[in-house]
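Just below is one structure, and these are the notes that go with it.
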Amino acid sequence: MALLEVKDLRTSFRTDDGVVKAVSGVDFALERGQTLGVVGESGSGKSVTFLTLMGLVDPRHAMVSGSVLFDGEEILGAKTSRLREIRGARIGMIFQDPMTSLNPVKRIGWQLEEAVLLHNDVTRSEARKRAVEILKQVEIPRADQRIDDYPHQFSGGMRQRVMIAMALINNPEILIADEPTTALDVTTQAQILRLMKRLQDEFQMAIVMITHDLGVVAELADDVLVMYGGRVVEQASVDDLFAKPEMPYTWGLLGSLPRLNLIAARLEQIPGQPPSLLHPPSGCAFHPRCEFVMDVCRQELPELRPALGDETHRFRCHLDDEARARIWDAKRAKLVTEDVAA
Amino acid sequence: MSELLVVENLQKHFPVTRGLILQKEVGAVKAVDGVSFSVAAGETLGVVGESGCGKSTMARCVARLLEPTGGRIIFDGRDITHLDRTQMRAVRRDMMMVFQDPYASLNARKRVGSIVGEPLEVHGIGTEAERKRRVQELLKIVGLNPEHYNRFPHEFSGGQRQRIGIARALVVNPKLIICDEPVSALDVSVQAQILNLLKDLQRDFGLTYIFIAHDLNVVRHISERVMVMYLGKAVEVGTKHELYAEPKHPYTGALLSAVPIADPSLGRVRKQIVLGGDVPSPLNPPAACRFHPRCPRFVDGKCNVDEPLLTPAPGAVDHRFACHFPLERWPMSEEEIRRAPAFAGAD
C-alpha cells in the first residue's frame with residue numbers, strides 16, 4: 001500500500017467574482033522513500049493540491065472533496081486535532097520564503113524546540129539537545145551557538161536550512177517542499193538540493209518537490225506530475241518524462257526552456273497565458289494554447305490514459321499514438337540538430 | 001563593430017553612517033568596485049551574478065540613475081559620467097531600461113497608452129496624434145492589441161505587462177536597452193515568449209542590450225558576450241562560447257555546475273562543484289581576491305594577499321579572467337579543482 005494515496009481531489013474557492021476551481025480532480029500515489037516532483041506554472045494548482053491534503057485551506061472559503069489516504073487513514077476532512085498530530089510529526093512542510101515562515105521575534109532554538117515539544121513528551125532541555133543535533137544535520141556551522149540567534153541573523157540559504165531542520169526534527173515520513181529553492185541563488189540552491197538528497201538517504205523519507213523549475217525536478221525526482229489548469233496532464237518516471245513526453249503542454253515546457261546543454265537559436269514558445277481558473281476553457285484546458293488543437297479538444301476533457309506499452313506513464317491528450325510519436329520525434333530531432341550545429 | 005558603450009573602472013560606494021544628527025560616515029558598501037567593460041553596437045552583453053554582486057547597481061550607474069562614485073562612462077563616443085540633468089535628458093532617449101517586476105514598474109493609475117507614450121512626451125516628440133499612432137504601432141510590434149491603448153496595467157497578465165515595459169523602452173528608438181532581470185518574474189512558457197521577442201526586436205531594430213540576469217541558461221541564450229560579477233567586481237568576461245565552454249575562474253565554474261540540468265541522464269553523470277558558505281557582505285569584503293574564502297583553489301599567502309586583475313586568456317579572442325590559478329580545462333570535478341594547481345605561482 002502506498003504511503004499517501006490521493007483520489008479525485010478537488011478544491012474550489014468562493015470569491016466575489018465566482019467560484020475558482022483551483023484543483024479539479026487530482027489522483028496520485030506516493031511510496032515510502034520516493035521523490036515526487038510536481039511541476040506547473042503559476043495557477044496550475046500544484047500548491048493548492050498539497051495545502052488541501054494537509055488541511056491547510058480555509059474551510060470558510062474552500063470547497064474540498066475527494067479522498068486522501070495517509071498510511072491507510074483518511075485525512076481529508078479529519079478533525080483539526082488529528083491533523084495537528086500528523087502535521088509536523090509525520091508530514092513535514094517547507095515553504096518558498098523562509099523569512100515569512102519563521103517567527104522574527106523568537107530565537108530559532110525556541111522555534112525548533114516548540115516543534116519537538118508539541119509532538120513528544122520530553123523536557124525543554126531534551127528538546128534543545130534535539131534542536132542542536134538537527135541543526136548540525138542540516139550543516140549549520142557552530143550549531144550550538146547559532147541556536148540562540150534570531151532569524152534575521154541568518155542568510156537566505158541558512159534560513160532555508162533552519163526551515164528544513166524544523167520540518168525534519170520529528171523524523172517525518174513525508175517532506176512536502178513547496179518551491180524550497182526558488183528564492184535562493186544558484187550556488188545556494190545547489191547546496192540545499194544536495195543536502196535534501198543526503199537527508200533523504202539518511203532519514204528514508206518520501207519527498208514531494210513542488211516547483212516550476214524542470215531542472216530541479218530532473219535533479220531530484222523519481223516520478224513527476226505535470227499539472228495544468230488544476231489537473232494532472234502527464235505523469236511519468238523522470239527519465240520517461242524527459243525522454244518521451246506524451247502531450248503538447250509538456251513538449252512546450254521542454255522546448256521553452258533555455259538549457260545549458262542545448263543551444264536552440266529560438267526557443268519554442270507556448271502562445272498565450274495560463275488559463276483563468278474562474279472561467280476555465282471547455283474541454284482540454286490547454287486547447288486555447290495548443291498548436292495541434294482539434295474539434296474534440298474544445299468539447300471533451302481527455303482522460304488521463306496510459307501511454308502505449310507503459311502503464312505507469314499517463315497523460316491527457318486526444319491526439320492518437322501515431323500522431324504523438326511523429327510530432328515528438330520531429331521536435332526532438334530539431335533539438336538535437338541544433339545542439340550539433342552549435 | 002564600434003563600441004557603443006565603454007565603462008572604465010566604474011565604482012559605486014554607498015556610505016554607511018552612524019548617528020541621527022551628525023551622520024558620521026563609518027564605512028562604505030562597495031557595491032560596484034572597479035568594473036570595466038565595453039559593449040559593441042548591435043550586440044548583447046549578458047551580466048550574471050548572485051544577489052548582492054552589484055549587477056543592478058552597475059546598470060543603474062550606467063544609466064545615471066545612480067551617481068557613480070568613480071570611473072568613466074562613455075556612451076556613443078561621449079563621456080556622460082558628469083553630465084547634469086538637462087544634458088542627461090537628451091542622452092536618455094538613446095538609453096532605456098526594462099525592469100524586473102512588471103507589477104511594480106508600471107504606474108497602476110495610468111492607461112497603457114500614456115505609459116508607453118510618456119517617453120515621447122518627456123522628449124517632446126511629435127504631436128498628440130502622432131504620439132498615439134506611434135504608441136499603437138509599438139503595442140503591435142511587441143505583440144499586444146493596439147486597441148488596448150486605453151486599458152490599465154491591472155487588466156494584463158505578467159507577460160503582457162513586461163511587453164508594455166518593453167514597448168515603453170522602445171518607443172523613442174533607443175540605441176541601448178538595459179534589461180534588469182526582465183524575465184525572472186515570469187513563468188517559463190511566458191519567459192520564452194519574452195526572450196524571443198527581445199531577440200526579434202534586436203534583429204529588426206539593430207538594438208544593443210545589456211541583459212542582467214541570475215539565470216545562466218537565460219543569459220547564454222540571449223547574449224553574445226557574458227560578464228560574471230562577484231561582490232562588486234567582474235571576475236570573468238568573454239564571448240558566450242568561450243565562457244561557457246571553457247570557464248577559467250573557479251567561481252564561473254561553480255556557477256555553471258550549480259545550474260540544475262533539465263535532463264536526468266546528463267544530470268546524473270555531470271561533475272558538480274558545490275561551494276560552501278554564502279556570498280560575504282559587501283560592507284566588509286574579503287581582502288585581495290574576494291572569492292578566496294569560498295574558493296576550492298584557495299592558496300594561502302597568494303589569493304588573500306595579492307589581488308588578481310582581469311587578464312586575457314591565452315589563445316582566446318575575447319576572454320579575460322581575474323584569477324591566479326585558473327581552471328585548466330572544463331568540466332572538472334571538485335576534487336580535480338582542489339588538486340590541480342601545482343601551486344607554481346604561489347612562490
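By convention in this document, the chains of the C-alpha cells carry letters A, B, ... by their order, each chain's residues are numbered from 1, and ligands are numbered from 1 in the order they are shown.
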Discussion item. Residues near region 56-66 of chain A, anyone? I mean within 9 Å using only C-alpha atoms, not counting same-chain ones fewer than 4 positions away, as a count of residues only.
Written reply: 18
Discussion item. Could you list, as a PyMOL selection string, every residue within 8 Å of Thr57 (chain B), counting only C-alpha atoms and ignoring same-chain residues fewer than 6 positions away?
Written reply: chain B and resi 12+31-32+66
For C-alpha atoms, I'd like the residues from the last selection saved as a PDB file, in the first residue's frame.
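Output file part_9.pdb follows:
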ATOM      1  CA  LYS B  12      29.715  52.993  -6.649  1.00  0.00           C
ATOM      2  CA  ALA B  31      28.546  47.727  -4.341  1.00  0.00           C
ATOM      3  CA  VAL B  32      30.499  48.217  -7.545  1.00  0.00           C
ATOM      4  CA  LEU B  66      22.660  56.482  -9.541  1.00  0.00           C
TER       5      LEU B  66
END
Item to complete: Can you check which residues of region 12-88 of chain B DSSP gives as helix (DSSP H, G or I) on the backbone and send them as an MDAnalysis selection string?
Response: chainID B and resid 55:62 85:88
Write the residues you've just listed into a file as a compact mmCIF listing (two decimals), in the first residue's frame, and include N, CA and C atoms for each of them.
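Saved as again.txt:
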# COMPACT_ATOMS: atom_id res chain seq x y z
N LYS B 55 25.30 43.79 -9.81
CA LYS B 55 24.95 43.88 -11.23
C LYS B 55 23.87 44.94 -11.48
N SER B 56 22.89 45.02 -10.61
CA SER B 56 21.86 46.05 -10.81
C SER B 56 22.39 47.45 -10.54
N THR B 57 23.21 47.58 -9.51
CA THR B 57 23.81 48.89 -9.20
C THR B 57 24.65 49.36 -10.37
N MET B 58 25.40 48.44 -10.95
CA MET B 58 26.22 48.76 -12.12
C MET B 58 25.33 49.32 -13.23
N ALA B 59 24.21 48.63 -13.49
CA ALA B 59 23.32 49.06 -14.57
C ALA B 59 22.74 50.44 -14.29
N ARG B 60 22.37 50.66 -13.04
CA ARG B 60 21.78 51.94 -12.69
C ARG B 60 22.80 53.08 -12.79
N CYS B 61 24.05 52.77 -12.52
CA CYS B 61 25.10 53.78 -12.69
C CYS B 61 25.28 54.11 -14.17
N VAL B 62 25.28 53.07 -15.00
CA VAL B 62 25.48 53.28 -16.42
C VAL B 62 24.36 54.17 -16.97
N ARG B 85 21.52 67.10 -15.21
CA ARG B 85 20.22 66.53 -15.53
C ARG B 85 19.72 66.88 -16.93
N THR B 86 19.87 68.16 -17.29
CA THR B 86 19.37 68.58 -18.61
C THR B 86 20.16 67.92 -19.73
N GLN B 87 21.47 67.90 -19.55
CA GLN B 87 22.28 67.28 -20.59
C GLN B 87 21.98 65.78 -20.68
N MET B 88 21.73 65.19 -19.51
CA MET B 88 21.49 63.75 -19.45
C MET B 88 20.16 63.40 -20.14
Worksheet item: chain B residues within 9 Å of chain A, counting only C-alpha atoms: which ones, as a VMD selection string?
Response: chain B and resid 49 to 51 157 159 to 160 187 to 193 195 to 196 199 214 to 221 244 254 to 268 272 to 278
Worksheet item: Any idea what's packed within 8 Å of Gln96 (chain A), counting only C-alpha atoms, ignoring anything in its chain fewer than 3 positions away? Could you give it as a list in words?
Response: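 Returned residues: Ala177, Asp178, Glu179, Pro180, Thr181, Thr182 and Ala183 of chain A.
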Go ahead and save the residues from that selection, with N, CA and C atoms, as a PDB file, in the first residue's frame.
ATOM      1  N   ALA A 177       7.890  19.920   0.042  1.00  0.00           N
ATOM      2  CA  ALA A 177       8.693  21.128  -0.137  1.00  0.00           C
ATOM      3  C   ALA A 177       8.094  21.936  -1.279  1.00  0.00           C
ATOM      4  N   ASP A 178       7.568  23.113  -0.946  1.00  0.00           N
ATOM      5  CA  ASP A 178       6.923  23.949  -1.956  1.00  0.00           C
ATOM      6  C   ASP A 178       7.896  25.030  -2.412  1.00  0.00           C
ATOM      7  N   GLU A 179       8.462  24.857  -3.585  1.00  0.00           N
ATOM      8  CA  GLU A 179       9.442  25.795  -4.149  1.00  0.00           C
ATOM      9  C   GLU A 179      10.529  26.142  -3.132  1.00  0.00           C
ATOM     10  N   PRO A 180      11.213  25.151  -2.556  1.00  0.00           N
ATOM     11  CA  PRO A 180      12.137  25.464  -1.459  1.00  0.00           C
ATOM     12  C   PRO A 180      13.380  26.239  -1.891  1.00  0.00           C
ATOM     13  N   THR A 181      13.711  26.223  -3.181  1.00  0.00           N
ATOM     14  CA  THR A 181      14.950  26.890  -3.588  1.00  0.00           C
ATOM     15  C   THR A 181      14.720  28.069  -4.532  1.00  0.00           C
ATOM     16  N   THR A 182      13.451  28.415  -4.767  1.00  0.00           N
ATOM     17  CA  THR A 182      13.153  29.451  -5.748  1.00  0.00           C
ATOM     18  C   THR A 182      13.722  30.810  -5.350  1.00  0.00           C
ATOM     19  N   ALA A 183      13.733  31.096  -4.046  1.00  0.00           N
ATOM     20  CA  ALA A 183      14.191  32.415  -3.614  1.00  0.00           C
ATOM     21  C   ALA A 183      15.704  32.455  -3.426  1.00  0.00           C
TER      22      ALA A 183
END
Worksheet entry | Non-local contacts of Ile94 (chain A) (12 Å; only C-alpha atoms; under 4 positions in same chain excluded) as number ranges by chain | A: 47, 50-51, 87-88, 98-102, 159-168, 174-182, 196, 207-210
Item to complete: Check the DSSP output for the backbone and give back, as a PyMOL selection string, the residues of region 100-337 of chain A in strand (DSSP E or B).
Response: chain A and resi 174-178+206-211+223-228+231-237+259+262+304-307+310-316
Worksheet item: So, counting only C-alpha atoms, which residue among A:Glu291, A:Arg314, A:His119, A:Ile108 is closest to Ser81 (chain A)?
Response: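 Closest candidate: A:His119.
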Fill in: All residues 10 Å or closer to Val98 (chain B), only C-alpha atoms, same chain fewer than 2 positions away omitted, as a ChimeraX atom specification
/B:96,100-102,105,162-170,177-182,211
Worksheet item: Got a sec: who's within 6 Å of Val7 (chain B), counting only C-alpha atoms, leaving out chain neighbours fewer than 3 positions off, as a ChimeraX atom specification?
Response: /B:36-38,72-73
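The gap separating CA of Arg32 (chain A) from CA of Ile75 (chain A) is 17.5 Å, in Å to one decimal.
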Worksheet entry | d(CA of Lys30 (chain B), CA of Ile210 (chain B)) in Å |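 Between these atoms lies a distance of 21.6 Å.
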For Lys132 (chain B), list every protein, DNA or RNA residue within 12 Å, evaluated using only C-alpha atoms, and leave out those in the same chain fewer than 4 positions away; present the list as a tab-separated table (two decimals) with C-alpha atoms, in the first residue's frame.
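And here is the file that came out, part_18.tsv:
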chain	number	residue	atom	x	y	z
B	112	VAL	CA	-1.28	51.83	-21.19
B	113	GLY	CA	-1.28	54.48	-23.90
B	114	SER	CA	0.12	57.15	-21.65
B	115	ILE	CA	2.60	54.78	-20.00
B	116	VAL	CA	4.08	53.78	-23.33
B	117	GLY	CA	3.81	57.32	-24.72
B	118	GLU	CA	5.38	59.04	-21.74
B	120	LEU	CA	7.71	60.69	-26.24
B	121	GLU	CA	6.01	63.35	-24.18
B	125	ILE	CA	8.45	64.25	-29.82
B	126	GLY	CA	5.53	64.57	-32.22
B	127	THR	CA	2.02	65.91	-31.87
B	128	GLU	CA	-0.53	64.12	-29.79
B	136	GLN	CA	-0.24	51.85	-31.18
B	137	GLU	CA	2.41	50.81	-33.65
B	138	LEU	CA	4.67	49.83	-30.75
B	139	LEU	CA	1.93	47.87	-28.99
B	146	PRO	CA	-3.30	48.26	-30.28
B	147	GLU	CA	-6.92	48.63	-29.23
B	149	TYR	CA	-4.45	51.57	-25.68
B	150	ASN	CA	-6.95	52.72	-23.08
B	171	VAL	CA	9.10	53.96	-28.24
